[in-house]
Each structure stands twice: as C-alpha cells, then as structure tokens.
>>> print(open('input_35.cif').read())   # mmCIF, C-alpha atoms
data_coords
#
loop_
_atom_site.group_PDB
_atom_site.id
_atom_site.type_symbol
_atom_site.label_atom_id
_atom_site.label_comp_id
_atom_site.auth_asym_id
_atom_site.auth_seq_id
_atom_site.Cartn_x
_atom_site.Cartn_y
_atom_site.Cartn_z
ATOM 1 C CA MET N 1 -11.903 14.094 10.896
ATOM 2 C CA GLU N 2 -13.184 12.022 7.992
ATOM 3 C CA LEU N 3 -13.602 8.264 8.068
ATOM 4 C CA VAL N 4 -12.345 6.692 4.830
ATOM 5 C CA PRO N 5 -13.304 3.024 4.321
ATOM 6 C CA VAL N 6 -10.211 1.073 3.271
ATOM 7 C CA PRO N 7 -9.801 -2.752 3.390
ATOM 8 C CA TRP N 8 -7.423 -3.592 6.248
ATOM 9 C CA VAL N 9 -4.833 -5.110 3.920
ATOM 10 C CA GLU N 10 -4.639 -1.772 2.077
ATOM 11 C CA HIS N 11 -4.067 0.549 5.049
ATOM 12 C CA VAL N 12 -0.281 0.660 4.586
ATOM 13 C CA ALA N 13 -0.581 1.507 0.875
ATOM 14 C CA ALA N 14 -3.169 4.198 1.667
ATOM 15 C CA LEU N 15 -0.852 5.704 4.299
ATOM 16 C CA ARG N 16 2.089 5.735 1.913
ATOM 17 C CA ALA N 17 -0.079 7.326 -0.806
ATOM 18 C CA ALA N 18 -1.309 9.938 1.732
ATOM 19 C CA THR N 19 -4.915 8.875 1.130
ATOM 20 C CA ILE N 20 -5.290 8.423 4.893
ATOM 21 C CA ASP N 21 -3.325 9.804 7.854
ATOM 22 C CA VAL N 22 -4.051 7.038 10.378
ATOM 23 C CA GLY N 23 -4.819 3.394 9.718
ATOM 24 C CA PHE N 24 -4.969 0.055 11.450
ATOM 25 C CA GLY N 25 -3.044 -3.148 10.925
ATOM 26 C CA VAL N 26 -2.709 -6.706 12.119
ATOM 27 C CA ALA N 27 0.707 -8.353 12.214
ATOM 28 C CA ALA N 28 2.908 -10.597 14.296
ATOM 29 C CA SER N 29 5.081 -7.594 15.192
ATOM 30 C CA THR N 30 5.548 -3.894 14.533
ATOM 31 C CA HIS N 31 8.523 -4.835 12.330
ATOM 32 C CA ASP N 32 6.183 -6.103 9.577
ATOM 33 C CA TYR N 33 5.594 -2.614 8.256
ATOM 34 C CA PRO N 34 7.736 -0.893 5.641
ATOM 35 C CA GLU N 35 10.005 2.053 6.306
ATOM 36 C CA GLY N 36 7.996 5.234 6.611
ATOM 37 C CA VAL N 37 5.143 3.655 8.586
ATOM 38 C CA THR N 38 5.087 3.849 12.388
ATOM 39 C CA ALA N 39 3.094 1.160 14.205
ATOM 40 C CA THR N 40 1.860 1.362 17.794
ATOM 41 C CA THR N 41 0.614 -1.873 19.377
ATOM 42 C CA ILE N 42 -2.859 -1.486 20.873
ATOM 43 C CA ALA N 43 -3.668 -5.142 21.621
ATOM 44 C CA GLU N 44 -2.229 -8.645 21.338
ATOM 45 C CA GLU N 45 -4.074 -11.935 21.061
ATOM 46 C CA PRO N 46 -2.848 -15.547 21.046
ATOM 47 C CA LEU N 47 -3.180 -17.480 17.807
ATOM 48 C CA ARG N 48 -3.096 -21.082 19.022
ATOM 49 C CA SER N 49 -6.210 -22.563 17.481
ATOM 50 C CA ALA N 50 -7.066 -24.382 14.263
ATOM 51 C CA MET N 51 -10.194 -23.848 12.183
ATOM 52 C CA LEU N 52 -11.230 -27.003 10.317
ATOM 53 C CA PRO N 53 -14.158 -27.971 8.117
ATOM 54 C CA ALA N 54 -17.000 -28.910 10.509
ATOM 55 C CA GLY N 55 -17.240 -32.440 9.113
ATOM 56 C CA HIS N 56 -13.520 -33.250 9.279
ATOM 57 C CA PRO N 57 -12.596 -36.162 11.606
ATOM 58 C CA LEU N 58 -10.184 -33.925 13.574
ATOM 59 C CA ALA N 59 -13.092 -31.584 14.368
ATOM 60 C CA ARG N 60 -14.440 -34.291 16.736
ATOM 61 C CA ARG N 61 -11.376 -34.014 18.979
ATOM 62 C CA ARG N 62 -11.218 -31.602 21.918
ATOM 63 C CA THR N 63 -7.592 -30.584 21.293
ATOM 64 C CA LEU N 64 -5.072 -31.070 18.513
ATOM 65 C CA ALA N 65 -1.310 -31.095 18.015
ATOM 66 C CA ARG N 66 0.699 -29.703 15.106
ATOM 67 C CA ALA N 67 1.485 -33.271 14.080
ATOM 68 C CA ASP N 68 -2.262 -33.949 13.649
ATOM 69 C CA LEU N 69 -2.529 -31.008 11.252
ATOM 70 C CA ALA N 70 0.778 -31.497 9.408
ATOM 71 C CA PRO N 71 -0.571 -33.834 6.674
ATOM 72 C CA LEU N 72 -3.420 -31.428 5.813
ATOM 73 C CA PRO N 73 -3.246 -28.419 3.486
ATOM 74 C CA MET N 74 -2.970 -25.156 5.402
ATOM 75 C CA VAL N 75 -5.018 -22.106 4.337
ATOM 76 C CA LEU N 76 -3.083 -18.845 4.754
ATOM 77 C CA SER N 77 -3.280 -15.365 3.344
ATOM 78 C CA GLU N 78 -0.434 -14.663 0.962
ATOM 79 C CA ARG N 79 2.888 -14.022 2.684
ATOM 80 C CA ALA N 80 2.967 -10.373 1.581
ATOM 81 C CA ALA N 81 -0.134 -9.630 3.718
ATOM 82 C CA ILE N 82 1.504 -10.488 7.096
ATOM 83 C CA PRO N 83 5.053 -11.830 6.500
ATOM 84 C CA SER N 84 6.060 -12.533 10.115
ATOM 85 C CA LEU N 85 2.809 -14.352 10.859
ATOM 86 C CA TYR N 86 3.083 -16.433 7.679
ATOM 87 C CA ASP N 87 6.692 -17.313 8.561
ATOM 88 C CA ALA N 88 5.805 -18.181 12.173
ATOM 89 C CA ILE N 89 2.976 -20.548 11.222
ATOM 90 C CA VAL N 90 4.814 -22.195 8.330
ATOM 91 C CA GLY N 91 7.913 -22.520 10.547
ATOM 92 C CA ALA N 92 5.894 -24.108 13.355
ATOM 93 C CA MET N 93 4.489 -26.676 10.955
ATOM 94 C CA ARG N 94 7.953 -27.423 9.546
ATOM 95 C CA ARG N 95 9.149 -28.097 13.087
ATOM 96 C CA ALA N 96 6.307 -30.627 13.385
ATOM 97 C CA GLY N 97 8.133 -32.625 10.729
ATOM 98 C CA ARG N 98 6.393 -31.719 7.465
ATOM 99 C CA GLU N 99 6.718 -29.148 4.748
ATOM 100 C CA PRO N 100 3.227 -27.619 4.742
ATOM 101 C CA LYS N 101 1.172 -27.501 1.587
ATOM 102 C CA VAL N 102 -0.118 -23.932 1.623
ATOM 103 C CA VAL N 103 -3.408 -22.998 -0.015
ATOM 104 C CA THR N 104 -3.206 -19.244 -0.558
ATOM 105 C CA ALA N 105 -6.310 -17.245 0.325
ATOM 106 C CA PRO N 106 -7.093 -13.682 -0.686
ATOM 107 C CA GLY N 107 -6.278 -11.192 2.086
ATOM 108 C CA SER N 108 -9.487 -11.416 4.091
ATOM 109 C CA PHE N 109 -10.676 -13.570 6.955
ATOM 110 C CA ALA N 110 -13.948 -14.220 5.095
ATOM 111 C CA SER N 111 -11.991 -15.789 2.231
ATOM 112 C CA VAL N 112 -10.079 -18.020 4.647
ATOM 113 C CA VAL N 113 -13.365 -19.130 6.267
ATOM 114 C CA GLN N 114 -14.902 -19.945 2.888
ATOM 115 C CA LEU N 115 -11.916 -22.045 1.839
ATOM 116 C CA VAL N 116 -11.815 -23.929 5.157
ATOM 117 C CA ALA N 117 -15.589 -24.515 5.252
ATOM 118 C CA GLY N 118 -15.349 -25.769 1.659
ATOM 119 C CA GLY N 119 -12.751 -28.372 2.649
ATOM 120 C CA ALA N 120 -9.584 -26.762 1.235
ATOM 121 C CA GLY N 121 -7.653 -27.282 4.483
ATOM 122 C CA TRP N 122 -7.243 -25.866 7.985
ATOM 123 C CA ALA N 123 -6.254 -22.383 9.171
ATOM 124 C CA ALA N 124 -4.550 -21.045 12.285
ATOM 125 C CA VAL N 125 -6.920 -18.601 14.005
ATOM 126 C CA LEU N 126 -7.133 -16.367 17.055
ATOM 127 C CA ASP N 127 -8.113 -18.096 20.281
ATOM 128 C CA SER N 128 -11.121 -15.775 20.668
ATOM 129 C CA ILE N 129 -12.771 -17.410 17.650
ATOM 130 C CA ARG N 130 -13.170 -20.686 19.585
ATOM 131 C CA GLY N 131 -16.337 -19.355 21.195
ATOM 132 C CA GLY N 132 -18.103 -18.751 17.889
ATOM 133 C CA ALA N 133 -16.775 -20.808 15.017
ATOM 134 C CA PRO N 134 -17.947 -19.496 11.632
ATOM 135 C CA ALA N 135 -20.669 -21.540 9.875
ATOM 136 C CA GLY N 136 -19.349 -24.763 8.375
ATOM 137 C CA THR N 137 -16.241 -24.807 10.567
ATOM 138 C CA ALA N 138 -15.018 -26.077 13.928
ATOM 139 C CA VAL N 139 -12.270 -24.402 15.964
ATOM 140 C CA ARG N 140 -10.024 -26.445 18.258
ATOM 141 C CA PRO N 141 -7.024 -25.512 20.434
ATOM 142 C CA VAL N 142 -3.625 -26.717 19.216
ATOM 143 C CA ARG N 143 -1.484 -27.697 22.206
ATOM 144 C CA ASP N 144 1.897 -26.964 20.668
ATOM 145 C CA LEU N 145 1.155 -24.025 18.357
ATOM 146 C CA LYS N 146 2.662 -20.849 19.797
ATOM 147 C CA ALA N 147 1.922 -17.663 17.881
ATOM 148 C CA ALA N 148 0.209 -14.328 18.465
ATOM 149 C CA LEU N 149 -1.137 -11.420 16.497
ATOM 150 C CA GLU N 150 -0.754 -7.784 17.408
ATOM 151 C CA PHE N 151 -3.264 -5.107 16.478
ATOM 152 C CA HIS N 152 -1.691 -1.774 15.538
ATOM 153 C CA VAL N 153 -2.624 1.802 14.865
ATOM 154 C CA LEU N 154 -0.499 3.071 11.979
ATOM 155 C CA ARG N 155 0.676 6.461 10.764
ATOM 156 C CA ARG N 156 3.233 7.824 8.336
ATOM 157 C CA SER N 157 6.604 8.602 9.862
ATOM 158 C CA GLY N 158 8.438 11.847 9.463
ATOM 159 C CA PRO N 159 7.829 15.564 9.561
ATOM 160 C CA GLY N 160 4.398 16.999 8.975
ATOM 161 C CA GLU N 161 2.577 14.152 10.701
ATOM 162 C CA ALA N 162 2.113 15.864 14.073
ATOM 163 C CA LEU N 163 -1.694 15.729 13.965
ATOM 164 C CA ALA N 164 -1.735 11.991 13.215
ATOM 165 C CA ALA N 165 0.847 11.413 15.958
ATOM 166 C CA ALA N 166 -1.329 13.358 18.423
ATOM 167 C CA PHE N 167 -4.345 11.235 17.445
ATOM 168 C CA VAL N 168 -2.360 8.024 17.982
ATOM 169 C CA ASP N 169 -1.199 9.322 21.385
ATOM 170 C CA CYS N 170 -4.876 9.617 22.433
ATOM 171 C CA ILE N 171 -5.359 5.866 22.044
ATOM 172 C CA ASP N 172 -4.698 4.203 25.379
ATOM 173 C CA PRO N 173 -3.341 0.662 24.832
ATOM 174 C CA ALA N 174 -4.118 -0.196 28.456
ATOM 175 C CA GLY N 175 -7.799 0.560 27.871
ATOM 176 C CA GLU N 176 -7.975 3.016 30.767
#
>>> encode(input="input_35.cif", output="structure tokens")
Amino acid sequence: MELVPVPWVEHVAALRAATIDVGFGVAASTHDYPEGVTATTIAEEPLRSAMLPAGHPLARRRTLARADLAPLPMVLSERAAIPSLYDAIVGAMRRAGREPKVVTAPGSFASVVQLVAGGAGWAAVLDSIRGGAPAGTAVRPVRDLKAALEFHVLRRSGPGEALAAAFVDCIDPAGE
C-alpha cells in the first residue's frame, strides 16, 4: 500500500486516471459521483450552522434563521465540487424568499474560512464546527436550515478492482 497525497476535490479525477485505487469524498449523497466511481458512505454529519465574520451583528445572536441570512452574500465552493450540496443550500435560501448572491470560493474549506473571516459573506458549515469556530469567525445554528454531508470512501467501478473493493469492505461504517 502506498499513500498518495491528493487534494480531496481531486480524488475522483485521480481515481478515473488510475493514479489512485481508493480515495475519499464529501458530498450530499453517493449520487454526486460520476459513472465509473463507486461510493460507500462511512459517516454523515448535519450541516445546519452558519459561519459568519466574527464582528458581524448576526454573530451576537445565539441562533439564526434562513431569513436572517438571506440578504447576505453566501460563500460556497463552486457547484462542480459538490453539486447536490450546492443545490440543497442554494435551494434552501431560495425558499427563504431570496435569490442568494453566491461568492464562489476555491474548493477548500480554508478558502471558505478566509473569505468569511474577511467579510465576503456567510457559509453553511457542519454542526461539529460550532465548538471551535476558525479564527475571525463565529458559528451559529440556523433553526430552519436542513442539510447534511456524507463522507465516502471511493473506488473505481468495474472489473479488475477487486483489491480496492476488498480494502473498502474492511472499513466498518458502524465503527465497530
């Protein structure tokens, strides 16, 4: 086994190019991956929180609603990175009564944090981040935002991938 460092947003391309045999992904569902890539869910986490610049007036509140966030620009990775997540968050904001102004961030969480901390807008984030908001930001629960992210182990589909499939089978999603 050889560990090959690949940015998470490039795991699918590396699988398809046969640079790696097993990768990891984050998406709203296993259906976000292209044909030829098999995804196995290993964890799921709610995404019902908003990260705001620390000095923003909404950061002083204990909880927020989508309507509170609707007038603000929303920082999201480009749609191609996680299409179903992008669609879920943009759709939720549309249902709050506004067409969101999306500020597109490069495909990394660090880029999203930098844009939010710099005042570019707010971002939907995993609930687990509430306990340790990145420097320059505040994270608050959003009462009526319902989304989740799934964490996946990925492999190429088809014949000749038996070893990768066996490796994936060794991962116990239940954590036992």
>>> atom_distance(input="input_35.cif", atom1="atom CA of Leu3 of chain N", atom2="atom CA of Ile20 of chain N")
8.9 Å
>>> resolve_selection(input="input_35.cif", expression="the PyMOL selection byres ((chain N and resi 42-54) around 7)", output="PyMOL selection string")
chain N and resi 40-41+55-56+59+116-119+121-127+136-142+145-153+173
>>> residues_around(input="input_35.cif", residues="Lys101 of chain N", least_positions_apart="5", cutoff="10 Å", atoms="all atoms listed in the file", output="PyMOL selection string")
chain N and resi 70-75+90+93+121
>>> resolve_selection(input="input_35.cif", expression="the PyMOL selection byres ((chain N and resi 5) around 12)", output="PDB file with C-alpha atoms, keeping the file's coordinate frame")
ATOM      1  CA  GLU N   2     -13.184  12.022   7.992  1.00  0.00           C
ATOM      2  CA  LEU N   3     -13.602   8.264   8.068  1.00  0.00           C
ATOM      3  CA  VAL N   4     -12.345   6.692   4.830  1.00  0.00           C
ATOM      4  CA  VAL N   6     -10.211   1.073   3.271  1.00  0.00           C
ATOM      5  CA  PRO N   7      -9.801  -2.752   3.390  1.00  0.00           C
ATOM      6  CA  TRP N   8      -7.423  -3.592   6.248  1.00  0.00           C
ATOM      7  CA  VAL N   9      -4.833  -5.110   3.920  1.00  0.00           C
ATOM      8  CA  GLU N  10      -4.639  -1.772   2.077  1.00  0.00           C
ATOM      9  CA  HIS N  11      -4.067   0.549   5.049  1.00  0.00           C
ATOM     10  CA  ALA N  14      -3.169   4.198   1.667  1.00  0.00           C
ATOM     11  CA  THR N  19      -4.915   8.875   1.130  1.00  0.00           C
ATOM     12  CA  ILE N  20      -5.290   8.423   4.893  1.00  0.00           C
ATOM     13  CA  VAL N  22      -4.051   7.038  10.378  1.00  0.00           C
ATOM     14  CA  GLY N  23      -4.819   3.394   9.718  1.00  0.00           C
ATOM     15  CA  PHE N  24      -4.969   0.055  11.450  1.00  0.00           C
TER      16      PHE N  24
END
>>> closest_residue(input="input_35.cif", among="N:Arg143, N:Arg79, N:Arg16, N:Arg66", to="Val103 of chain N", atoms="only C-alpha atoms")
N:Arg79
>>> residues_near_point(input="input_35.cif", point="(1.2, -13.7, 3.1)", cutoff="12 Å", atoms="all atoms listed in the file", output="ChimeraX atom specification")
/N:9,27-28,32,75-90,102-108
>>> write_last_selection(input="input_35.cif", atoms="C-alpha atoms", output="short mmCIF file (atom, residue, chain, number, x, y, z; two decimals), in the coordinates of the input")
data_model
loop_
_atom_site.label_atom_id
_atom_site.label_comp_id
_atom_site.auth_asym_id
_atom_site.auth_seq_id
_atom_site.Cartn_x
_atom_site.Cartn_y
_atom_site.Cartn_z
CA VAL N 9 -4.83 -5.11 3.92
CA ALA N 27 0.71 -8.35 12.21
CA ALA N 28 2.91 -10.60 14.30
CA ASP N 32 6.18 -6.10 9.58
CA VAL N 75 -5.02 -22.11 4.34
CA LEU N 76 -3.08 -18.84 4.75
CA SER N 77 -3.28 -15.36 3.34
CA GLU N 78 -0.43 -14.66 0.96
CA ARG N 79 2.89 -14.02 2.68
CA ALA N 80 2.97 -10.37 1.58
CA ALA N 81 -0.13 -9.63 3.72
CA ILE N 82 1.50 -10.49 7.10
CA PRO N 83 5.05 -11.83 6.50
CA SER N 84 6.06 -12.53 10.12
CA LEU N 85 2.81 -14.35 10.86
CA TYR N 86 3.08 -16.43 7.68
CA ASP N 87 6.69 -17.31 8.56
CA ALA N 88 5.80 -18.18 12.17
CA ILE N 89 2.98 -20.55 11.22
CA VAL N 90 4.81 -22.20 8.33
CA VAL N 102 -0.12 -23.93 1.62
CA VAL N 103 -3.41 -23.00 -0.02
CA THR N 104 -3.21 -19.24 -0.56
CA ALA N 105 -6.31 -17.24 0.32
CA PRO N 106 -7.09 -13.68 -0.69
CA GLY N 107 -6.28 -11.19 2.09
CA SER N 108 -9.49 -11.42 4.09
#
>>> closest_residue(input="input_35.cif", among="N:Gln114, N:Ser128, N:Thr38, N:Thr30", to="Ala164 of chain N", atoms="only C-alpha atoms")
N:Thr38
>>> atom_distance(input="input_35.cif", atom1="atom CA of Ala65 of chain N", atom2="atom CA of Arg98 of chain N")
13.1 Å
>>> closest_residue(input="input_35.cif", among="N:Ala110, N:Asp21, N:Asp144, N:Val37", to="Ala67 of chain N", atoms="only C-alpha atoms")
N:Asp144
>>> decode(input="input_35.cif", residues="segment 135-146 of chain N", atoms="N, CA, C and O atoms", output="compact mmCIF listing (two decimals), in the first residue's frame")
# COMPACT_ATOMS: atom_id res chain seq x y z
N ALA N 135 -10.50 31.08 13.47
CA ALA N 135 -10.14 32.46 13.83
C ALA N 135 -10.83 33.46 12.90
O ALA N 135 -10.88 33.26 11.70
N GLY N 136 -11.37 34.51 13.51
CA GLY N 136 -12.02 35.56 12.74
C GLY N 136 -13.46 35.28 12.36
O GLY N 136 -14.08 36.06 11.65
N THR N 137 -13.98 34.13 12.85
CA THR N 137 -15.36 33.76 12.51
C THR N 137 -16.16 33.42 13.76
O THR N 137 -15.60 33.20 14.84
N ALA N 138 -17.47 33.36 13.59
CA ALA N 138 -18.39 32.88 14.61
C ALA N 138 -19.32 31.89 13.92
O ALA N 138 -19.69 32.09 12.76
N VAL N 139 -19.68 30.81 14.61
CA VAL N 139 -20.56 29.80 14.03
C VAL N 139 -21.82 29.72 14.88
O VAL N 139 -21.74 29.60 16.11
N ARG N 140 -22.97 29.84 14.23
CA ARG N 140 -24.26 29.83 14.92
C ARG N 140 -25.20 28.83 14.27
O ARG N 140 -25.20 28.68 13.04
N PRO N 141 -26.05 28.15 15.07
CA PRO N 141 -27.04 27.24 14.49
C PRO N 141 -28.09 28.03 13.70
O PRO N 141 -28.43 29.16 14.07
N VAL N 142 -28.58 27.42 12.64
CA VAL N 142 -29.65 28.01 11.82
C VAL N 142 -30.86 27.11 11.98
O VAL N 142 -30.85 25.95 11.55
N ARG N 143 -31.90 27.63 12.63
CA ARG N 143 -33.06 26.84 13.02
C ARG N 143 -33.71 26.10 11.85
O ARG N 143 -34.15 24.97 12.01
N ASP N 144 -33.81 26.73 10.71
CA ASP N 144 -34.58 26.14 9.62
C ASP N 144 -33.72 25.75 8.41
O ASP N 144 -34.23 25.63 7.31
N LEU N 145 -32.45 25.51 8.63
CA LEU N 145 -31.57 25.00 7.57
C LEU N 145 -31.42 23.50 7.77
O LEU N 145 -30.97 23.05 8.82
N LYS N 146 -31.85 22.73 6.81
CA LYS N 146 -31.82 21.27 6.91
C LYS N 146 -30.97 20.72 5.77
O LYS N 146 -31.40 20.65 4.62
